[in-house]
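With compact mmCIF, C-alpha atoms inside, this is coords.txt:
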# COMPACT_ATOMS: atom_id res chain seq x y z
CA MET A 209 -30.51 15.14 -12.67
CA ALA A 210 -30.16 17.90 -15.23
CA LYS A 211 -29.33 21.41 -14.16
CA LYS A 212 -31.99 24.08 -14.47
CA PHE A 213 -31.53 25.91 -17.78
CA PRO A 214 -31.08 29.68 -17.29
CA LYS A 215 -33.46 31.77 -19.39
CA HIS A 216 -31.48 35.03 -19.36
CA PRO A 217 -27.81 34.53 -18.42
CA SER A 218 -25.73 37.67 -17.98
CA HIS A 219 -22.87 36.57 -20.30
CA PRO A 220 -24.08 33.68 -22.50
CA GLU A 221 -21.07 34.03 -24.82
CA ARG A 222 -18.73 32.71 -22.11
CA ILE A 223 -20.32 29.25 -21.86
CA CYS A 224 -21.04 26.33 -24.17
CA TRP A 225 -24.73 25.43 -23.85
CA GLY A 226 -24.54 22.06 -25.64
CA CYS A 227 -24.91 19.80 -22.58
CA ASP A 228 -25.30 19.85 -18.79
CA LEU A 229 -21.59 20.53 -18.18
CA TYR A 230 -21.81 24.21 -19.24
CA CYS A 231 -18.08 24.30 -20.08
CA PRO A 232 -16.20 27.57 -20.54
CA ALA A 233 -16.12 28.56 -24.21
CA LYS A 234 -12.32 28.19 -24.34
CA ALA A 235 -12.19 24.72 -22.70
CA LEU A 236 -14.82 22.37 -24.12
CA ALA A 237 -14.63 19.14 -22.09
CA CYS A 238 -17.57 17.15 -23.42
CA GLY A 239 -16.43 16.83 -27.04
CA ASN A 240 -19.66 18.38 -28.29
CA GLY A 241 -18.20 19.41 -31.63
CA ALA A 242 -15.42 21.88 -32.21
CA ASP A 243 -17.48 25.02 -31.64
CA ARG A 244 -19.41 26.41 -28.73
CA THR A 245 -23.17 25.82 -28.76
CA MET A 246 -24.91 29.18 -28.49
CA HIS A 247 -27.62 29.98 -25.96
CA PRO A 248 -31.10 30.40 -27.52
CA MET A 249 -31.06 34.04 -26.39
CA GLU A 250 -28.08 34.63 -28.69
CA LEU A 251 -29.86 33.02 -31.63
CA PHE A 252 -33.46 34.19 -31.22
CA GLY A 253 -33.22 37.33 -29.06
CA GLU A 254 -34.29 38.30 -25.56
CA ASP A 255 -37.82 36.90 -25.93
CA TRP A 256 -36.71 33.43 -27.05
CA ASP A 257 -38.65 31.68 -24.28
CA SER A 258 -41.97 33.07 -25.56
CA PHE A 259 -41.23 31.97 -29.13
CA ASP A 260 -44.17 29.50 -29.18
CA ASP A 261 -46.64 32.32 -28.52
CA ARG A 262 -45.94 33.78 -31.96
CA PHE A 263 -47.48 30.92 -33.87
CA GLU A 264 -51.16 30.27 -34.31
CA PRO A 265 -52.39 26.72 -33.79
CA PRO A 266 -53.17 24.89 -37.02
CA ALA A 267 -56.73 25.20 -38.27
CA VAL A 268 -58.92 22.16 -37.74
CA ASP A 269 -59.97 20.62 -41.03
CA ASN A 270 -63.55 19.35 -40.65
CA ALA A 271 -63.81 18.15 -44.25
CA LYS A 272 -64.73 14.52 -44.78
CA PRO A 273 -62.05 12.31 -46.29
CA PRO A 274 -62.71 11.24 -49.88
CA THR A 275 -64.57 7.97 -50.26
CA LEU A 276 -63.41 5.29 -52.64

Can you give me the file's structure in the form of structure tokens?
Amino acid sequence: MAKKFPKHPSHPERICWGCDLYCPAKALACGNGADRTMHPMELFGEDWDSFDDRFEPPAVDNAKPPTL
């Protein structure tokens, strides 16, 4: 079973977030590339978990398709 993903870790820069192992940044054990995978909070900011709320749903197109 996968570990619960922390939304706001205190020091996200110390851990690789690429898999469920959560390896220390200096000792990557899973072979998930050569670099540490950043936490979404580091990439998108403190409100990364409410990122979907920023987008509006696509408008519904009620137009009829063209007839041949």

Selected residue of minimal separation from His219 (chain A) among A:Glu250, A:Ala235, A:Lys272, A:Ala242, counting all atoms listed in the file: A:Glu250

Point-to-point distance in Å for CA of Met249 (chain A) and CA of Leu236 (chain A): 20.1 Å

Separation of CA of Lys234 (chain A) from CA of Pro248 (chain A), in Å and rounded to one decimal: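 Between CA of Lys234 (chain A) and CA of Pro248 (chain A) the gap works out to 19.2 Å.
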
Atom pair CA of Asp228 (chain A) / CA of Lys212 (chain A): separation (Å):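 Going from CA of Asp228 (chain A) over to CA of Lys212 (chain A), I get 9.0 Å.
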
Pro232 (chain A): which residues within 9 Å, counting all atoms listed in the file, same-chain residues fewer than 3 positions away excluded, as a tab-separated table (two decimals) with C-alpha atoms, keeping the file's coordinate frame?
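And here is the file that came out, selection.tsv:
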chain	number	residue	atom	x	y	z
A	222	ARG	CA	-18.73	32.71	-22.11
A	223	ILE	CA	-20.32	29.25	-21.86
A	224	CYS	CA	-21.04	26.33	-24.17
A	235	ALA	CA	-12.19	24.72	-22.70
A	236	LEU	CA	-14.82	22.37	-24.12
A	237	ALA	CA	-14.63	19.14	-22.09
A	244	ARG	CA	-19.41	26.41	-28.73

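Of the listed residues (A:Pro214, A:Ala233, A:Gly226, A:Gly239), A:Pro214 comes nearest to Trp256 (chain A); the distances count all atoms listed in the file.
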